[in-house]
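Pasted below: entry_35.cif, mmCIF, C-alpha atoms.
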```cif
data_data
#
loop_
_atom_site.group_PDB
_atom_site.id
_atom_site.type_symbol
_atom_site.label_atom_id
_atom_site.label_comp_id
_atom_site.auth_asym_id
_atom_site.auth_seq_id
_atom_site.Cartn_x
_atom_site.Cartn_y
_atom_site.Cartn_z
ATOM 1 C CA PHE M 5 0.000 0.000 0.000
ATOM 2 C CA PHE M 6 1.196 3.509 -0.787
ATOM 3 C CA GLN M 7 -0.666 6.801 -0.834
ATOM 4 C CA ILE M 8 0.308 10.458 -0.871
ATOM 5 C CA GLY M 9 -2.142 12.357 1.299
ATOM 6 C CA ASN M 10 -1.454 16.060 0.998
ATOM 7 C CA THR M 11 1.243 18.335 -0.389
ATOM 8 C CA GLU M 12 1.934 21.906 0.697
ATOM 9 C CA VAL M 13 4.637 24.188 -0.682
ATOM 10 C CA SER M 14 6.157 26.896 1.518
ATOM 11 C CA PRO M 15 5.125 30.478 0.668
ATOM 12 C CA ASP M 16 8.475 31.172 -1.010
ATOM 13 C CA GLY M 17 8.078 28.091 -3.225
ATOM 14 C CA ARG M 18 11.270 26.424 -1.973
ATOM 15 C CA ILE M 19 10.197 23.618 0.410
ATOM 16 C CA LEU M 20 7.638 20.885 -0.247
ATOM 17 C CA ALA M 21 5.931 19.205 2.715
ATOM 18 C CA TRP M 22 4.137 15.975 1.850
ATOM 19 C CA ALA M 23 2.375 13.146 3.668
ATOM 20 C CA GLU M 24 2.946 9.427 2.988
ATOM 21 C CA ASP M 25 0.904 6.417 4.120
ATOM 22 C CA SER M 26 2.552 3.034 3.471
ATOM 23 C CA THR M 27 0.388 0.932 5.820
ATOM 24 C CA GLY M 28 -3.200 1.845 4.909
ATOM 25 C CA ARG M 29 -3.976 3.071 8.442
ATOM 26 C CA ARG M 30 -3.836 6.801 7.584
ATOM 27 C CA GLN M 31 -1.015 7.304 10.061
ATOM 28 C CA TRP M 32 0.828 9.673 7.784
ATOM 29 C CA LEU M 33 4.586 10.172 7.723
ATOM 30 C CA LEU M 34 5.520 13.750 6.868
ATOM 31 C CA HIS M 35 8.484 14.456 4.576
ATOM 32 C CA PHE M 36 10.190 17.653 3.425
ATOM 33 C CA LYS M 37 11.971 18.290 0.106
ATOM 34 C CA ASN M 38 14.147 21.189 -0.978
ATOM 35 C CA LEU M 39 12.744 22.127 -4.384
ATOM 36 C CA ASP M 40 15.843 24.144 -5.337
ATOM 37 C CA SER M 41 18.288 21.265 -4.902
ATOM 38 C CA GLY M 42 15.887 18.322 -5.179
ATOM 39 C CA GLN M 43 17.248 16.915 -1.934
ATOM 40 C CA ASP M 44 15.094 15.355 0.788
ATOM 41 C CA LEU M 45 15.498 17.037 4.165
ATOM 42 C CA PRO M 46 16.188 14.824 7.209
ATOM 43 C CA ASP M 47 13.073 15.998 9.075
ATOM 44 C CA ARG M 48 10.499 13.179 9.488
ATOM 45 C CA ILE M 49 7.258 13.383 11.467
ATOM 46 C CA ALA M 50 5.347 10.154 12.122
ATOM 47 C CA ASN M 51 1.750 9.437 13.194
ATOM 48 C CA ALA M 52 0.292 12.628 11.749
ATOM 49 C CA GLU M 53 -2.779 13.674 9.829
ATOM 50 C CA ALA M 54 -2.273 14.708 6.214
ATOM 51 C CA SER M 55 -3.547 18.201 7.083
ATOM 52 C CA LEU M 56 -0.713 20.773 6.817
ATOM 53 C CA ALA M 57 -0.225 24.551 6.863
ATOM 54 C CA TRP M 58 2.890 26.698 6.483
ATOM 55 C CA ALA M 59 3.498 29.856 8.483
ATOM 56 C CA ASN M 60 4.717 32.831 6.467
ATOM 57 C CA ASP M 61 8.317 32.488 7.711
ATOM 58 C CA ASN M 62 8.822 29.584 5.243
ATOM 59 C CA LYS M 63 10.291 27.322 7.935
ATOM 60 C CA THR M 64 7.417 26.577 10.330
ATOM 61 C CA LEU M 65 4.800 23.921 9.551
ATOM 62 C CA LEU M 66 1.605 23.281 11.499
ATOM 63 C CA TYR M 67 0.456 19.661 11.588
ATOM 64 C CA ILE M 68 -1.880 17.395 13.566
ATOM 65 C CA GLU M 69 -0.706 14.560 15.798
ATOM 66 C CA LYS M 70 -2.940 11.464 15.977
ATOM 67 C CA ASP M 71 -3.943 9.396 18.972
ATOM 68 C CA PRO M 72 -2.008 6.147 18.324
ATOM 69 C CA VAL M 73 -4.936 4.013 19.538
ATOM 70 C CA THR M 74 -8.060 5.737 18.183
ATOM 71 C CA LEU M 75 -6.190 7.326 15.213
ATOM 72 C CA LEU M 76 -8.135 10.543 15.826
ATOM 73 C CA GLY M 77 -6.201 13.767 15.261
ATOM 74 C CA TYR M 78 -6.300 15.738 18.483
ATOM 75 C CA LYS M 79 -3.135 17.838 18.892
ATOM 76 C CA VAL M 80 -1.849 20.626 16.653
ATOM 77 C CA ARG M 81 1.922 20.950 16.807
ATOM 78 C CA LYS M 82 4.437 23.386 15.332
ATOM 79 C CA HIS M 83 7.561 22.095 13.586
ATOM 80 C CA VAL M 84 10.499 24.309 12.652
ATOM 81 C CA LEU M 85 12.689 22.848 9.922
ATOM 82 C CA GLY M 86 15.949 21.459 11.244
ATOM 83 C CA THR M 87 14.678 20.837 14.781
ATOM 84 C CA ASP M 88 13.825 17.536 16.483
ATOM 85 C CA PRO M 89 10.114 16.667 15.949
ATOM 86 C CA ALA M 90 10.121 14.972 19.366
ATOM 87 C CA VAL M 91 10.135 18.425 20.986
ATOM 88 C CA ASP M 92 7.685 20.158 18.616
ATOM 89 C CA PRO M 93 5.620 22.593 20.723
ATOM 90 C CA LEU M 94 1.923 21.933 21.293
ATOM 91 C CA VAL M 95 -0.214 24.692 19.767
ATOM 92 C CA TYR M 96 -3.730 23.363 20.425
ATOM 93 C CA GLU M 97 -5.264 20.238 21.953
ATOM 94 C CA GLU M 98 -8.878 19.136 21.441
ATOM 95 C CA THR M 99 -10.241 17.391 24.531
ATOM 96 C CA ASP M 100 -13.682 16.562 23.103
ATOM 97 C CA ARG M 101 -13.066 13.435 21.043
ATOM 98 C CA SER M 102 -16.352 13.844 19.158
ATOM 99 C CA PHE M 103 -14.697 16.586 17.074
ATOM 100 C CA TYR M 104 -12.613 16.070 13.951
ATOM 101 C CA MET M 105 -9.827 18.518 13.254
ATOM 102 C CA GLY M 106 -8.086 20.099 10.268
ATOM 103 C CA VAL M 107 -5.419 22.778 9.878
ATOM 104 C CA TYR M 108 -5.207 24.972 6.777
ATOM 105 C CA LYS M 109 -4.046 28.329 5.419
ATOM 106 C CA SER M 110 -6.533 31.032 4.510
ATOM 107 C CA ARG M 111 -7.004 31.920 0.843
ATOM 108 C CA SER M 112 -5.469 35.328 1.609
ATOM 109 C CA ASP M 113 -2.378 33.717 3.269
ATOM 110 C CA ARG M 114 -2.968 36.015 6.255
ATOM 111 C CA TYR M 115 -4.149 33.355 8.682
ATOM 112 C CA ILE M 116 -3.650 29.760 9.726
ATOM 113 C CA ASN M 117 -6.930 28.109 10.695
ATOM 114 C CA ILE M 118 -7.779 25.177 12.920
ATOM 115 C CA GLY M 119 -11.180 23.819 11.902
ATOM 116 C CA LEU M 120 -13.131 21.627 14.329
ATOM 117 C CA GLN M 121 -16.254 19.745 13.302
ATOM 118 C CA SER M 122 -18.663 17.371 15.045
ATOM 119 C CA THR M 123 -22.051 16.103 13.891
ATOM 120 C CA VAL M 124 -23.969 19.173 15.073
ATOM 121 C CA SER M 125 -21.344 21.778 15.915
ATOM 122 C CA SER M 126 -18.224 23.430 14.555
ATOM 123 C CA GLU M 127 -15.582 25.884 15.709
ATOM 124 C CA GLN M 128 -12.695 27.762 14.114
ATOM 125 C CA TRP M 129 -9.472 29.013 15.686
ATOM 126 C CA VAL M 130 -7.209 31.463 13.833
ATOM 127 C CA ALA M 131 -3.652 32.764 14.128
ATOM 128 C CA ASP M 132 -1.809 35.454 12.200
ATOM 129 C CA ALA M 133 0.488 33.553 9.806
ATOM 130 C CA ASP M 134 3.132 36.282 10.281
ATOM 131 C CA ASP M 135 3.118 35.914 14.083
ATOM 132 C CA PRO M 136 6.227 34.014 15.285
ATOM 133 C CA GLN M 137 4.247 32.808 18.312
ATOM 134 C CA LEU M 138 1.243 31.667 16.214
ATOM 135 C CA ALA M 139 -1.117 32.576 19.050
ATOM 136 C CA PHE M 140 -4.482 31.031 18.161
ATOM 137 C CA LYS M 141 -7.800 32.492 19.270
ATOM 138 C CA VAL M 142 -11.327 31.234 18.783
ATOM 139 C CA LEU M 143 -13.363 33.029 16.139
ATOM 140 C CA ILE M 144 -16.896 32.081 17.241
ATOM 141 C CA PRO M 145 -17.144 29.790 20.299
ATOM 142 C CA ARG M 146 -18.779 26.418 19.669
ATOM 143 C CA GLU M 147 -22.323 25.648 20.678
ATOM 144 C CA ARG M 148 -24.620 22.755 19.946
ATOM 145 C CA ASP M 149 -26.577 23.021 16.665
ATOM 146 C CA HIS M 150 -24.407 25.822 15.287
ATOM 147 C CA GLU M 151 -22.185 25.020 12.315
ATOM 148 C CA TYR M 152 -20.089 27.633 10.575
ATOM 149 C CA GLN M 153 -17.019 28.253 8.405
ATOM 150 C CA ALA M 154 -15.342 31.633 8.007
ATOM 151 C CA GLU M 155 -12.916 33.335 5.615
ATOM 152 C CA ASP M 156 -11.198 36.683 6.120
ATOM 153 C CA PHE M 157 -11.884 39.595 3.789
ATOM 154 C CA GLY M 158 -9.796 42.664 4.572
ATOM 155 C CA GLY M 159 -10.782 43.712 8.065
ATOM 156 C CA ASP M 160 -13.940 41.595 7.982
ATOM 157 C CA TRP M 161 -14.929 37.948 8.132
ATOM 158 C CA ILE M 162 -17.344 36.239 5.766
ATOM 159 C CA VAL M 163 -19.196 33.466 7.606
ATOM 160 C CA ARG M 164 -21.350 30.620 6.316
ATOM 161 C CA SER M 165 -23.630 29.787 9.242
ATOM 162 C CA ASN M 166 -26.777 27.853 10.071
ATOM 163 C CA TRP M 167 -27.658 30.071 13.045
ATOM 164 C CA ARG M 168 -31.386 30.756 12.629
ATOM 165 C CA ALA M 169 -30.923 29.427 9.084
ATOM 166 C CA LYS M 170 -31.438 25.685 8.641
ATOM 167 C CA ASN M 171 -30.334 25.935 4.992
ATOM 168 C CA PHE M 172 -27.379 28.181 5.950
ATOM 169 C CA ARG M 173 -26.731 31.783 5.050
ATOM 170 C CA VAL M 174 -23.636 33.909 4.403
ATOM 171 C CA VAL M 175 -22.968 36.947 6.590
ATOM 172 C CA ARG M 176 -20.292 39.617 6.954
ATOM 173 C CA ALA M 177 -18.953 41.183 10.139
ATOM 174 C CA ALA M 178 -15.988 43.269 11.273
ATOM 175 C CA ALA M 179 -13.180 41.155 12.737
ATOM 176 C CA ALA M 180 -13.617 42.673 16.196
ATOM 177 C CA ARG M 181 -17.319 41.734 16.264
ATOM 178 C CA VAL M 182 -17.474 38.479 14.313
ATOM 179 C CA ALA M 183 -18.763 36.570 17.357
ATOM 180 C CA ASP M 184 -21.474 39.195 17.970
ATOM 181 C CA ARG M 185 -24.448 38.059 15.907
ATOM 182 C CA LYS M 186 -26.062 41.480 16.226
ATOM 183 C CA ALA M 187 -23.227 42.731 14.006
ATOM 184 C CA TRP M 188 -23.854 40.170 11.260
ATOM 185 C CA LYS M 189 -25.075 41.515 7.928
ATOM 186 C CA ASP M 190 -26.443 39.172 5.308
ATOM 187 C CA VAL M 191 -24.453 38.672 2.117
ATOM 188 C CA VAL M 192 -26.592 35.711 1.056
ATOM 189 C CA ALA M 193 -29.778 35.595 3.107
ATOM 190 C CA HIS M 194 -31.377 32.348 4.267
ATOM 191 C CA ARG M 195 -33.879 30.769 1.897
ATOM 192 C CA GLU M 196 -36.346 27.995 2.591
ATOM 193 C CA ASP M 197 -36.016 26.631 -0.949
ATOM 194 C CA ALA M 198 -32.220 26.636 -1.388
ATOM 195 C CA PHE M 199 -29.306 25.195 0.580
ATOM 196 C CA VAL M 200 -26.044 27.164 0.754
ATOM 197 C CA ASP M 201 -23.503 24.381 0.361
ATOM 198 C CA GLY M 202 -20.378 26.549 0.538
ATOM 199 C CA ALA M 203 -18.868 29.974 0.045
ATOM 200 C CA SER M 204 -15.473 31.208 -1.157
ATOM 201 C CA VAL M 205 -14.031 34.692 -0.803
ATOM 202 C CA PHE M 206 -12.034 36.373 -3.583
ATOM 203 C CA ARG M 207 -10.226 39.713 -3.519
ATOM 204 C CA ASP M 208 -11.227 41.086 -6.918
ATOM 205 C CA PHE M 209 -14.516 39.484 -7.976
#
```

Take the structure in this file and express it as structure tokens.
Amino acid sequence: FFQIGNTEVSPDGRILAWAEDSTGRRQWLLHFKNLDSGQDLPDRIANAEASLAWANDNKTLLYIEKDPVTLLGYKVRKHVLGTDPAVDPLVYEETDRSFYMGVYKSRSDRYINIGLQSTVSSEQWVADADDPQLAFKVLIPRERDHEYQAEDFGGDWIVRSNWRAKNFRVVRAAAARVADRKAWKDVVAHREDAFVDGASVFRDF
């Protein structure tokens, strides 16, 4: 068995991070390749998810560690190229094992996101991708029966949400008030006859 899970190139285009599964158990082994020289870097990270995100310094990668028994991803760690993965700092740990986790870069490259999803609830944590500390903060705190996903747009956030909208709607709010639903303004209002399956934010159109 052999599968490549995910590939992410550093912002400067020089380092490729990629995930390999050679057992079929989705316990991914992370590799790094110098795209200038073609050489594989010695860094190896085992028992990870295939979900990856680069910080804007071109040397720090966010990844998810898996529980070796349940195989559920539950810890986000930060790896700096050239350091020992055994001492990678813990960035976030999910204690509710009913939530699945992913880590990803925003379309704007301004933020790194941690997305958490259960059957009836979701939550998103964000950190400035230029911040050396990568200090994550929750965007909208989780609550039962509220699912949402958010993308940044300048100083605002665009949120797809099912709050008071069983078929979902898309709203816009200033970053400082994104968790305040009184500040939400509809971009795509809720409709009884149409389901909003997703939304993507673009700079120019």

Which residues are close to Thr64 of chain M, i.e. within 7 Å by only C-alpha atoms, leaving aside same-chain residues fewer than 6 positions away? Reply as an MDAnalysis selection string. chainID M and resid 58 82:85

Grab the atom CA of Asn166 of chain M to atom CA of Ala131 of chain M distance for me, in Å with one decimal place. 24.0 Å

Residues picked by the PyMOL selection byres ((chain M and resi 50) around 8) here, as a list in words?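 Selected by the PyMOL selection byres ((chain M and resi 50) around 8) here: Gln31, Trp32, Leu33, Leu34, Arg48, Ile49, Asn51 and Ala52 of chain M.
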
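Counting from atom CA of Glu147 of chain M, the distance to atom CA of Ser112 of chain M is 27.2 Å.
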
Counting all atoms listed in the file, closest pick from M:Leu75, M:Ala183, M:Ala177, M:Leu65 relative to Glu127 of chain M is M:Ala183

Can you pull out the residues contacting Ala203 of chain M? Cut-off 9 Å, using only C-alpha atoms, and skip same-chain residues under 6 positions away; I want them as a list in words.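 Returned residues: Gln153, Ala154, Glu155, Ile162, Val163, Arg164 and Val174 of chain M.
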